[in-house]
>>> print(open('model-v1.txt').read())   # compact mmCIF, C-alpha atoms
# COMPACT_ATOMS: atom_id res chain seq x y z
CA LEU A 1 105.16 256.96 77.35
CA THR A 2 106.56 260.32 76.23
CA THR A 3 110.07 259.52 77.43
CA LEU A 4 109.89 256.02 75.94
CA PHE A 5 108.72 257.48 72.63
CA ASN A 6 111.50 260.09 72.58
CA GLY A 7 114.11 257.46 73.39
CA LEU A 8 113.20 255.10 70.52
CA VAL A 9 111.38 256.82 67.67
CA PRO A 10 113.97 259.38 66.41
CA ASP A 11 116.69 256.73 66.11
CA ALA A 12 114.22 254.27 64.56
CA LEU A 13 113.29 256.83 61.89
CA HIS A 14 116.97 257.41 61.15
CA LEU A 15 117.48 253.65 60.76
CA VAL A 16 114.50 253.31 58.40
CA ARG A 17 115.69 256.18 56.20
CA LYS A 18 119.40 255.34 56.07
CA ARG A 19 119.68 251.54 56.16
CA LEU A 20 116.34 249.83 55.42
CA ARG A 21 114.57 249.27 52.11
CA GLU A 22 110.85 249.99 52.05
CA THR A 23 108.46 248.16 49.74
CA VAL A 24 106.62 251.43 49.09
CA PRO A 25 108.28 254.75 50.06
CA THR A 26 106.82 256.51 53.10
CA THR A 27 107.51 259.73 55.00
CA ASN A 28 108.58 260.29 58.59
CA HIS A 29 105.34 262.06 59.48
CA SER A 30 103.18 259.21 58.17
CA LEU A 31 105.19 256.58 60.09
CA VAL A 32 104.88 258.50 63.36
CA MET A 33 101.17 259.04 62.73
CA SER A 34 100.83 255.30 62.03
CA CYS A 35 102.36 254.61 65.45
CA PHE A 36 99.79 256.87 67.12
CA ASN A 37 96.96 255.32 65.10
CA LEU A 38 97.92 251.78 66.10
CA MET A 39 98.36 252.76 69.74
CA ASP A 40 94.95 254.43 69.66
CA SER A 41 93.39 251.28 68.17
CA LEU A 42 95.00 249.03 70.79
CA LEU A 43 93.59 251.22 73.58
CA LYS A 44 90.07 251.29 72.14
CA PRO A 45 88.79 248.56 74.56
CA TYR A 46 89.77 250.83 77.45
CA GLN A 47 87.81 253.84 76.17
CA GLN A 48 84.43 254.45 77.73
CA TYR A 49 81.48 254.98 75.40
CA GLU A 50 77.88 255.85 76.14
CA GLY A 51 76.20 252.85 77.69
CA THR A 52 79.38 250.72 77.74
CA PRO A 53 81.38 251.42 80.91
CA VAL A 54 84.86 249.97 81.23
CA ALA A 55 85.45 247.43 84.01
CA PRO A 56 87.46 248.98 86.89
CA GLU A 57 89.91 246.04 86.97
CA MET A 58 90.82 246.73 83.32
CA LEU A 59 91.64 250.34 84.08
CA GLU A 60 93.72 249.35 87.12
CA GLY A 61 96.01 247.17 85.02
CA LEU A 62 96.32 249.66 82.17
CA PRO A 63 99.45 251.56 83.36
CA SER A 64 101.46 248.32 83.57
CA ILE A 65 100.75 247.29 79.97
CA LEU A 66 101.19 250.70 78.28
CA PRO A 67 105.00 250.35 77.73
CA SER A 68 104.53 246.94 76.08
CA LEU A 69 101.75 248.25 73.84
CA MET A 70 103.95 251.21 72.86
CA LEU A 71 106.78 248.85 71.85
CA PHE A 72 104.27 246.77 69.88
CA ALA A 73 102.99 249.91 68.13
CA ILE A 74 106.53 251.10 67.28
CA THR A 75 107.39 247.67 65.89
CA TRP A 76 104.31 247.51 63.65
CA SER A 77 104.43 251.11 62.43
CA LEU A 78 108.02 252.25 62.01
CA GLY A 79 109.23 248.67 61.48
CA ALA A 80 106.29 247.48 59.36
CA SER A 81 107.07 249.23 56.06
CA CYS A 82 110.44 247.54 55.36
CA ASP A 83 111.19 244.26 53.60
CA LYS A 84 112.20 240.92 55.11
CA ALA A 85 115.92 241.76 55.36
CA GLY A 86 115.12 245.12 56.92
CA ARG A 87 113.07 243.50 59.66
CA GLU A 88 116.12 241.58 60.83
CA GLN A 89 118.01 244.86 61.22
CA PHE A 90 115.06 246.56 62.95
CA ASN A 91 114.77 243.63 65.38
CA LYS A 92 118.45 243.95 66.28
CA PHE A 93 118.17 247.74 66.62
CA LEU A 94 115.11 247.62 68.88
CA ARG A 95 116.59 245.04 71.24
CA GLU A 96 119.89 246.91 71.54
CA LYS A 97 118.16 250.26 72.01
CA VAL A 98 115.81 248.96 74.72
CA ALA A 99 118.72 247.20 76.45
CA SER A 100 120.53 250.54 76.65
CA LEU A 101 117.52 252.03 78.47
CA VAL A 102 117.28 249.36 81.17
CA THR A 103 119.77 250.71 83.71
CA ALA A 104 118.50 253.52 85.90
CA GLU A 105 121.75 255.50 85.62
CA ALA A 106 121.76 255.51 81.83
CA ALA A 107 118.05 256.29 81.75
CA LYS A 108 118.46 259.21 84.13
CA GLU A 109 121.31 260.70 82.12
CA ALA A 110 119.47 260.32 78.81
CA GLY A 111 116.18 261.55 80.24
CA VAL A 112 114.22 258.43 79.30
CA ALA A 113 112.19 255.93 81.29
CA VAL A 114 113.52 252.73 82.81
CA ILE A 115 112.28 249.65 80.95
CA ALA A 116 111.02 247.02 83.38
CA ASP A 117 111.58 243.30 82.93
CA GLY A 118 108.96 241.63 80.73
CA VAL A 119 108.13 244.80 78.80
CA LEU A 120 110.19 243.85 75.74
CA MET A 121 109.40 240.79 73.65
CA PRO A 122 111.29 237.61 74.69
CA ALA A 123 114.67 237.12 73.05
CA THR A 124 113.90 233.56 71.86
CA ALA A 125 112.40 234.92 68.61
CA PRO A 126 112.37 238.22 66.66
CA VAL A 127 110.13 241.03 67.91
CA TYR A 128 107.78 240.44 64.97
CA GLU A 129 106.94 236.93 66.24
CA TRP A 130 105.19 238.05 69.43
CA CYS A 131 101.72 239.33 70.31
CA TYR A 132 100.91 240.99 73.64
CA ASP A 133 98.13 239.27 75.59
CA ARG A 134 96.36 241.96 77.59
CA GLN A 135 94.59 239.44 79.83
CA SER A 136 97.68 237.61 81.06
CA HIS A 137 100.01 240.63 80.62
CA THR A 138 102.56 238.47 78.79
CA TRP A 139 103.98 238.08 75.30
CA VAL A 140 102.68 235.01 73.42
CA PRO A 141 103.60 233.58 69.98
CA TRP A 142 101.17 234.50 67.22
CA MET A 143 100.11 230.91 66.56
CA ASP A 144 98.96 230.56 70.19
CA THR A 145 96.28 233.20 69.59
CA VAL A 146 94.31 231.12 67.05
CA PRO A 147 92.86 227.58 67.22
CA ALA A 148 94.41 224.72 65.26
CA ALA A 149 93.39 224.80 61.59
CA THR A 150 91.76 222.02 59.58
CA CYS A 151 91.84 221.87 55.79
CA ASP A 152 88.82 220.98 53.65
CA PRO A 153 90.17 219.33 50.46
CA ASP A 154 86.78 219.80 48.75
CA LYS A 155 87.13 223.59 48.67
CA PRO A 156 88.54 225.20 45.50
CA PHE A 157 92.32 225.39 45.67
CA ALA A 158 92.38 229.21 45.43
CA GLN A 159 90.02 229.52 48.42
CA ILE A 160 91.93 227.31 50.87
CA ILE A 161 93.43 229.36 53.70
CA VAL A 162 95.98 227.84 56.06
CA PRO A 163 96.79 230.06 59.07
CA THR A 164 100.48 230.86 59.37
CA VAL A 165 102.39 233.29 61.55
CA ASP A 166 102.23 235.83 58.72
CA THR A 167 98.50 235.63 58.04
CA VAL A 168 97.63 235.61 61.77
CA ARG A 169 99.62 238.73 62.61
CA TYR A 170 98.59 240.70 59.52
CA THR A 171 94.94 239.83 60.12
CA TYR A 172 95.24 240.90 63.77
CA LEU A 173 96.77 244.26 62.80
CA VAL A 174 94.18 244.94 60.08
CA ASP A 175 91.37 243.97 62.45
CA SER A 176 92.66 246.26 65.21
CA LEU A 177 93.15 249.24 62.90
CA LEU A 178 89.77 248.87 61.19
CA ALA A 179 88.07 248.57 64.58
CA GLY A 180 89.78 251.83 65.54
CA GLY A 181 88.43 253.59 62.44
CA LYS A 182 91.80 253.83 60.65
CA HIS A 183 92.66 253.30 56.98
CA VAL A 184 95.12 250.50 56.07
CA ALA A 185 97.37 249.93 53.05
CA CYS A 186 98.87 246.43 52.74
CA VAL A 187 101.90 246.45 50.46
CA GLY A 188 103.92 243.52 49.17
CA GLU A 189 105.17 241.55 46.20
CA THR A 190 102.88 239.43 44.05
CA GLY A 191 102.06 236.12 45.70
CA THR A 192 102.40 237.18 49.34
CA GLY A 193 98.68 236.59 50.00
CA LYS A 194 97.45 240.18 50.38
CA THR A 195 94.21 239.79 48.44
CA LEU A 196 93.32 236.37 49.83
CA ALA A 197 93.97 237.25 53.47
CA LEU A 198 92.15 240.59 53.34
CA SER A 199 89.18 239.23 51.40
CA ALA A 200 88.78 236.34 53.85
CA LYS A 201 88.95 238.75 56.79
CA LEU A 202 86.26 241.04 55.37
CA LEU A 203 83.95 238.19 54.38
CA GLU A 204 84.17 236.04 57.50
CA GLY A 205 85.94 237.78 60.37
CA MET A 206 84.26 241.18 60.73
CA PRO A 207 81.49 242.25 63.14
CA PRO A 208 77.95 242.41 61.72
CA GLU A 209 77.91 246.20 61.55
CA VAL A 210 80.68 246.20 58.92
CA GLN A 211 79.52 246.31 55.29
CA PRO A 212 82.39 245.30 52.94
CA VAL A 213 82.66 246.64 49.39
CA PHE A 214 85.14 245.08 46.95
CA MET A 215 86.81 246.98 44.12
CA THR A 216 89.70 246.05 41.83
CA PHE A 217 91.59 248.78 40.03
CA SER A 218 93.11 248.25 36.58
CA ALA A 219 95.07 250.43 34.19
CA ARG A 220 91.80 251.56 32.58
CA THR A 221 89.92 252.43 35.77
CA SER A 222 88.69 256.03 35.70
CA ALA A 223 87.74 258.47 38.44
CA ASN A 224 84.13 258.49 37.22
CA GLN A 225 83.89 254.69 37.52
CA THR A 226 85.32 254.81 41.02
CA GLN A 227 82.90 257.54 42.08
CA ASP A 228 79.89 255.72 40.59
CA ILE A 229 80.74 252.41 42.31
CA ILE A 230 81.16 254.00 45.73
CA ASP A 231 78.10 256.26 45.38
CA SER A 232 75.96 253.24 44.43
CA LYS A 233 76.72 251.65 47.83
CA MET A 234 75.76 254.74 49.83
CA GLU A 235 72.41 255.89 51.17
CA LYS A 236 71.30 259.43 51.85
CA ARG A 237 71.53 260.31 55.55
CA ARG A 238 70.45 263.95 55.27
CA LYS A 239 70.96 266.79 52.83
CA GLY A 240 74.41 266.50 51.28
CA VAL A 241 75.50 263.63 53.59
CA PHE A 242 75.73 260.04 52.38
CA GLY A 243 76.93 256.81 53.93
CA PRO A 244 76.14 253.13 54.46
CA PRO A 245 72.80 252.17 56.06
CA PRO A 246 72.37 253.61 59.59
CA GLY A 247 74.26 251.60 62.18
CA LYS A 248 76.70 250.24 59.59
CA ARG A 249 80.33 250.97 58.75
CA CYS A 250 81.48 250.60 55.16
CA VAL A 251 84.96 249.15 54.53
CA ILE A 252 85.99 249.52 50.88
CA PHE A 253 88.67 247.01 49.87
CA VAL A 254 90.58 248.32 46.85
CA ASP A 255 92.77 245.67 45.26
CA ASP A 256 95.73 246.81 43.10
CA LEU A 257 95.36 250.35 44.39
CA ASN A 258 98.27 251.67 42.31
CA MET A 259 97.29 250.10 38.97
CA PRO A 260 95.42 253.08 37.37
CA GLN A 261 97.28 254.63 34.47
CA CYS A 262 98.93 258.01 34.94
CA GLU A 263 97.51 260.90 32.93
CA LYS A 264 99.38 263.72 31.17
CA TYR A 265 100.61 265.34 34.36
CA PHE A 266 101.50 262.02 36.07
CA ALA A 267 98.50 261.96 38.41
CA GLN A 268 96.22 258.91 38.76
CA PRO A 269 92.62 260.24 38.62
CA PRO A 270 91.00 257.44 40.73
CA LEU A 271 93.59 257.95 43.45
CA GLU A 272 93.17 261.73 43.32
CA LEU A 273 89.44 261.22 43.86
CA LEU A 274 90.14 259.09 46.94
CA ARG A 275 92.62 261.69 48.16
CA GLN A 276 89.95 264.37 47.82
CA TRP A 277 87.69 262.27 50.03
CA PHE A 278 90.49 261.80 52.59
CA ASP A 279 91.29 265.52 52.67
CA HIS A 280 87.83 267.06 52.34
CA GLY A 281 85.38 264.31 53.34
CA GLY A 282 83.69 263.81 49.98
CA TRP A 283 83.43 264.89 46.33
CA TYR A 284 81.18 266.86 44.00
CA ASP A 285 78.22 265.30 42.23
CA ARG A 286 78.70 265.35 38.46
CA LYS A 287 75.07 266.25 37.78
CA PRO A 288 74.14 269.97 37.89
CA PRO A 289 74.01 271.86 40.16
CA CYS A 290 76.92 269.65 41.31
CA PRO A 291 76.43 269.76 45.09
CA PHE A 292 79.15 268.49 47.40
CA ARG A 293 78.51 264.93 48.64
CA THR A 294 79.93 264.24 52.10
CA ILE A 295 80.73 260.53 52.61
CA VAL A 296 80.67 259.35 56.25
CA ASP A 297 81.24 256.09 58.17
CA THR A 298 83.57 254.76 55.47
CA GLN A 299 87.10 253.33 55.60
CA ILE A 300 89.55 252.33 52.87
CA LEU A 301 91.55 249.07 52.93
CA GLY A 302 94.01 248.92 50.04
CA ALA A 303 96.32 246.28 48.58
CA VAL A 304 99.37 247.87 46.94
CA GLY A 305 102.10 246.22 44.88
CA PRO A 306 105.59 247.65 44.44
CA PRO A 307 106.05 249.98 41.43
CA GLY A 308 106.83 248.20 38.16
CA GLY A 309 105.06 245.73 35.91
CA GLY A 310 102.17 248.08 35.18
CA ARG A 311 101.96 249.46 38.72
CA ASN A 312 102.81 253.09 39.40
CA PRO A 313 104.28 254.85 42.44
CA VAL A 314 101.66 256.08 44.91
CA SER A 315 101.74 259.75 45.83
CA ALA A 316 102.84 260.43 49.40
CA ARG A 317 99.86 262.81 49.65
CA LEU A 318 97.58 259.78 49.42
CA LEU A 319 99.76 257.26 51.24
CA ARG A 320 100.07 259.50 54.32
CA HIS A 321 96.44 258.74 55.19
CA PHE A 322 97.12 255.00 55.53
CA ASN A 323 98.78 252.76 58.07
CA VAL A 324 101.27 250.90 55.87
CA ILE A 325 101.84 247.19 56.59
CA SER A 326 104.36 245.39 54.41
CA PHE A 327 103.51 241.78 53.58
CA THR A 328 106.97 240.23 53.35
CA GLU A 329 107.73 237.01 51.53
CA LEU A 330 106.78 233.96 53.53
CA SER A 331 109.50 232.08 55.36
CA ASP A 332 110.33 228.56 54.21
CA GLY A 333 108.66 227.20 57.34
CA SER A 334 105.40 229.04 56.61
CA VAL A 335 105.43 227.95 52.96
CA ALA A 336 106.05 224.32 53.95
CA ARG A 337 103.27 224.50 56.55
CA ILE A 338 100.76 225.80 54.01
CA PHE A 339 101.42 223.26 51.28
CA THR A 340 101.96 220.35 53.68
CA THR A 341 98.53 221.00 55.19
CA VAL A 342 96.79 221.32 51.80
CA LEU A 343 98.55 218.42 50.04
CA GLY A 344 98.46 216.19 53.13
CA ALA A 345 94.69 216.56 53.49
CA PHE A 346 94.24 215.53 49.85
CA LEU A 347 96.65 212.57 49.89
CA HIS A 348 95.42 211.15 53.21
CA ARG A 349 91.86 211.29 51.99
CA ASN A 350 92.32 209.69 48.56
CA PHE A 351 95.46 207.52 48.68
CA ASN A 352 97.06 204.79 50.77
CA ASP A 353 99.53 205.45 53.57
CA SER A 354 102.60 204.72 51.42
CA ILE A 355 101.75 207.68 49.17
CA ALA A 356 100.41 209.94 51.93
CA SER A 357 103.65 209.53 53.88
CA LEU A 358 105.51 211.30 51.04
CA THR A 359 103.73 214.62 51.68
CA GLN A 360 106.50 216.30 53.63
CA GLN A 361 109.28 215.16 51.28
CA LEU A 362 107.37 216.37 48.21
CA VAL A 363 106.70 219.78 49.74
CA LEU A 364 110.23 220.28 51.09
CA GLY A 365 111.67 219.21 47.73
CA THR A 366 109.47 221.77 45.95
CA VAL A 367 110.50 224.53 48.37
CA GLU A 368 114.20 223.69 47.94
CA LEU A 369 113.89 223.65 44.14
CA TYR A 370 111.97 226.95 44.15
CA ASN A 371 114.62 228.66 46.30
CA ALA A 372 117.44 227.34 44.08
CA ILE A 373 115.72 228.59 40.91
CA ARG A 374 115.11 232.04 42.38
CA ALA A 375 118.75 232.27 43.47
CA GLU A 376 120.36 230.97 40.25
CA LEU A 377 118.02 231.80 37.34
CA LEU A 378 117.80 235.56 37.68
CA PRO A 379 116.05 237.77 35.09
CA THR A 380 118.22 239.50 32.50
CA PRO A 381 117.37 241.72 29.50
CA TYR A 382 117.50 238.56 27.34
CA LYS A 383 115.50 236.51 29.87
CA SER A 384 113.19 239.14 31.35
CA HIS A 385 110.48 236.52 31.97
CA TYR A 386 112.64 234.66 34.53
CA THR A 387 110.49 235.89 37.40
CA PHE A 388 109.25 233.24 39.82
CA ASN A 389 106.94 233.66 42.82
CA LEU A 390 104.85 231.55 45.18
CA ARG A 391 102.13 231.16 42.59
CA ASP A 392 104.49 228.94 40.60
CA MET A 393 104.99 226.71 43.62
CA SER A 394 101.24 226.53 44.17
CA LYS A 395 100.84 225.35 40.57
CA VAL A 396 103.11 222.39 41.33
CA VAL A 397 101.03 221.42 44.37
CA GLN A 398 97.83 222.01 42.46
CA GLY A 399 99.08 219.66 39.74
CA LEU A 400 99.83 216.97 42.34
CA MET A 401 96.25 217.30 43.58
CA ARG A 402 94.99 216.31 40.13
CA ALA A 403 96.32 212.79 40.63
CA ASP A 404 93.68 210.12 39.99
CA PRO A 405 93.44 207.48 42.77
CA LYS A 406 92.31 204.90 40.17
CA THR A 407 95.55 205.09 38.20
CA THR A 408 98.02 206.17 40.94
CA ALA A 409 98.72 203.38 43.40
CA ALA A 410 102.51 203.33 43.87
CA PRO A 411 104.80 205.96 45.45
CA THR A 412 106.95 205.98 42.30
CA GLN A 413 103.97 207.20 40.31
CA ILE A 414 103.35 210.21 42.57
CA VAL A 415 107.08 211.02 42.44
CA SER A 416 106.98 210.84 38.64
CA LEU A 417 104.00 213.20 38.67
CA TRP A 418 105.93 215.57 40.94
CA LEU A 419 108.87 215.58 38.50
CA HIS A 420 106.50 216.24 35.61
CA GLU A 421 104.78 219.16 37.37
CA ASN A 422 108.11 220.81 38.26
CA SER A 423 109.22 220.44 34.67
CA ARG A 424 105.93 221.87 33.40
CA VAL A 425 105.93 224.87 35.74
CA PHE A 426 109.62 225.77 35.91
CA GLU A 427 111.54 224.15 33.04
CA ASP A 428 109.04 225.11 30.34
CA ARG A 429 109.87 228.75 31.03
CA LEU A 430 113.59 228.26 30.36
CA THR A 431 114.88 229.32 26.95
CA CYS A 432 118.48 228.14 26.51
CA PRO A 433 120.12 224.66 26.63
CA GLU A 434 122.42 225.68 29.49
CA ASP A 435 119.50 226.49 31.77
CA HIS A 436 117.74 223.25 30.82
CA ALA A 437 120.89 221.30 31.67
CA TRP A 438 121.21 223.11 35.02
CA PHE A 439 117.60 222.35 35.88
CA ARG A 440 117.89 218.62 35.13
CA GLU A 441 121.04 218.32 37.23
>>> encode(input="model-v1.txt", output="structure tokens")
Amino acid sequence: LTTLFNGLVPDALHLVRKRLRETVPTTNHSLVMSCFNLMDSLLKPYQQYEGTPVAPEMLEGLPSILPSLMLFAITWSLGASCDKAGREQFNKFLREKVASLVTAEAAKEAGVAVIADGVLMPATAPVYEWCYDRQSHTWVPWMDTVPAATCDPDKPFAQIIVPTVDTVRYTYLVDSLLAGGKHVACVGETGTGKTLALSAKLLEGMPPEVQPVFMTFSARTSANQTQDIIDSKMEKRRKGVFGPPPGKRCVIFVDDLNMPQCEKYFAQPPLELLRQWFDHGGWYDRKPPCPFRTIVDTQILGAVGPPGGGRNPVSARLLRHFNVISFTELSDGSVARIFTTVLGAFLHRNFNDSIASLTQQLVLGTVELYNAIRAELLPTPYKSHYTFNLRDMSKVVQGLMRADPKTTAAPTQIVSLWLHENSRVFEDRLTCPEDHAWFRE
């Protein structure tokens, strides 16, 4: 593993710094530490604890899967902080770099290990599309690791979750890191599903010993408010030591982590309080004689947006404690899958087959229109509100789901409603005749 690490990581760091764009800036030390943290979390099932011995057959197969797990860890640490375009470059770099290590002669000269066949992800898809199955010792697509999803049209629209490649892999990474006792920061643009995916994971997909706590930061959040909320969830273990109830682990989900307003010297007091806990294990009580309160058995899961629009840059002193995972914009296929599943369940339940058969065309038309608007109608100083994201597309689908079966019986009526919803969501934001004319063409 040492020779494999030395052969890939230095060049990967150089690529990230010189050619890739990160959603939130990181440092080399934090990326390397993230790689070790993820590797440690992936190996947790092979660690022996008191009363839980590891099966001998698992330990026998461990050496053969370590190179694949190391490549997986490098991909989702050093290659996880960049944007969607950067991932294409990282995929190309990793494949070329591993290919150069395959031959024994080149490996011997460079002082690195020979990469065996089957260690690297298959070439039929990018490296980000594969998950390593430790039982079969093979790479499998992410969607093969979860059962087929069914959509309940009776649930509120904002609570419907359709598994996609993106949500499955991000949930797997967050689950692995939290199980390993690590802290995670999920960064990404508005509308990439950070809050929804993480909230659903904490509420439904965690073991019973995990106690979730939800917090949302705003520009007016203070350090005292943050301290009071967290202290209210803790119980006294012994003198000066506090934590969740015995036998529990507390996972604090902080949404909009970088929203607090900067003070005079450009620090964000709530984040400085969290940094004090990361560095020193607790904080001081505000009531005299102000003893130090040590907080144990607690992890932080944060959702971070890029700086701008009220959000502030996060200090590297705080961000270094997190494993950073960038939630990139969904691919067109994932977006179509989500809205086809949601809209199809509604139309098939309430309308005849002639209308329900239009589901795919309506969704693909909305995706095509959304991409065209984002490419052509860019924000300018005069049109600074020309910012469109996936929430706008969801409003179109949500409007279609308000159709009344009593008054909508023909396909032309649902198409007319689709035109109206696109006009309401997108065209109503346009300000000049030229843009209106472009939209109607």
>>> closest_residue(input="model-v1.txt", among="A:Ser136, A:Ser315, A:Asn37, A:Thr408", to="A:Phe351", atoms="only C-alpha atoms")
A:Thr408
>>> atom_distance(input="model-v1.txt", atom1="atom CA of A:Lys18", atom2="atom CA of A:Gly305")
22.5 Å
>>> atom_distance(input="model-v1.txt", atom1="atom CA of A:Ala148", atom2="atom CA of A:Thr124")
22.4 Å
>>> atom_distance(input="model-v1.txt", atom1="atom CA of A:Glu441", atom2="atom CA of A:Thr340")
25.3 Å
>>> residues_around(input="model-v1.txt", residues="A:Val213", least_positions_apart="3", cutoff="9 Å", atoms="all atoms listed in the file", output="PyMOL selection string")
chain A and resi 202+230+233+250-254
>>> closest_residue(input="model-v1.txt", among="A:Asp231, A:Asp285, A:Asp133, A:Glu96", to="A:Ser68", atoms="all atoms listed in the file")
A:Asp133
>>> residues_around(input="model-v1.txt", residues="A:Tyr370", least_positions_apart="2", cutoff="10 Å", atoms="only C-alpha atoms", output="ChimeraX atom specification")
/A:364-368,372-375,388-390,392-393,422,426
>>> residues_around(input="model-v1.txt", residues="A:Leu271", least_positions_apart="5", cutoff="12 Å", atoms="only C-alpha atoms", output="CSV table (one decimal) with C-alpha atoms, in the frame of the given file")
chain,number,residue,atom,x,y,z
A,217,PHE,CA,91.6,248.8,40.0
A,218,SER,CA,93.1,248.2,36.6
A,221,THR,CA,89.9,252.4,35.8
A,222,SER,CA,88.7,256.0,35.7
A,223,ALA,CA,87.7,258.5,38.4
A,224,ASN,CA,84.1,258.5,37.2
A,225,GLN,CA,83.9,254.7,37.5
A,226,THR,CA,85.3,254.8,41.0
A,227,GLN,CA,82.9,257.5,42.1
A,254,VAL,CA,90.6,248.3,46.8
A,256,ASP,CA,95.7,246.8,43.1
A,257,LEU,CA,95.4,250.4,44.4
A,258,ASN,CA,98.3,251.7,42.3
A,259,MET,CA,97.3,250.1,39.0
A,260,PRO,CA,95.4,253.1,37.4
A,261,GLN,CA,97.3,254.6,34.5
A,262,CYS,CA,98.9,258.0,34.9
A,263,GLU,CA,97.5,260.9,32.9
A,266,PHE,CA,101.5,262.0,36.1
A,276,GLN,CA,90.0,264.4,47.8
A,277,TRP,CA,87.7,262.3,50.0
A,278,PHE,CA,90.5,261.8,52.6
A,300,ILE,CA,89.6,252.3,52.9
A,302,GLY,CA,94.0,248.9,50.0
A,312,ASN,CA,102.8,253.1,39.4
A,313,PRO,CA,104.3,254.8,42.4
A,314,VAL,CA,101.7,256.1,44.9
A,315,SER,CA,101.7,259.8,45.8
A,316,ALA,CA,102.8,260.4,49.4
A,317,ARG,CA,99.9,262.8,49.6
A,318,LEU,CA,97.6,259.8,49.4
A,319,LEU,CA,99.8,257.3,51.2
>>> closest_residue(input="model-v1.txt", among="A:Gly79, A:Gly240, A:Pro289, A:Gly181", to="A:Leu20", atoms="all atoms listed in the file")
A:Gly79
>>> closest_residue(input="model-v1.txt", among="A:His348, A:Met143, A:Ser199, A:Pro212", to="A:Thr164", atoms="all atoms listed in the file")
A:Met143
>>> closest_residue(input="model-v1.txt", among="A:Glu421, A:Asp40, A:Glu57, A:Glu22", to="A:Ser81", atoms="all atoms listed in the file")
A:Glu22
>>> residues_around(input="model-v1.txt", residues="A:Arg320", least_positions_apart="3", cutoff="12 Å", atoms="only C-alpha atoms", output="list of chain:residue names")
A:Val24, A:Pro25, A:Thr26, A:Thr27, A:Asn28, A:His29, A:Ser30, A:Leu31, A:Val32, A:Met33, A:Ser34, A:Asn37, A:Lys182, A:His183, A:Val184, A:Ala185, A:Arg275, A:Phe278, A:Asp279, A:Val314, A:Ser315, A:Ala316, A:Arg317, A:Asn323, A:Val324
>>> closest_residue(input="model-v1.txt", among="A:Ile65, A:Leu343, A:Asp428, A:Leu362", to="A:His385", atoms="only C-alpha atoms")
A:Asp428
>>> residues_around(input="model-v1.txt", residues="A:Ile414", least_positions_apart="2", cutoff="12 Å", atoms="only C-alpha atoms", output="number ranges by chain")
A: 347, 351-352, 354-359, 361-362, 397, 399-405, 407-412, 416-421
>>> residues_near_point(input="model-v1.txt", point="(116.7, 249.2, 69.0)", cutoff="12 Å", atoms="all atoms listed in the file", output="PyMOL selection string")
chain A and resi 4+7-16+71+74-75+78-79+87-101+120+127
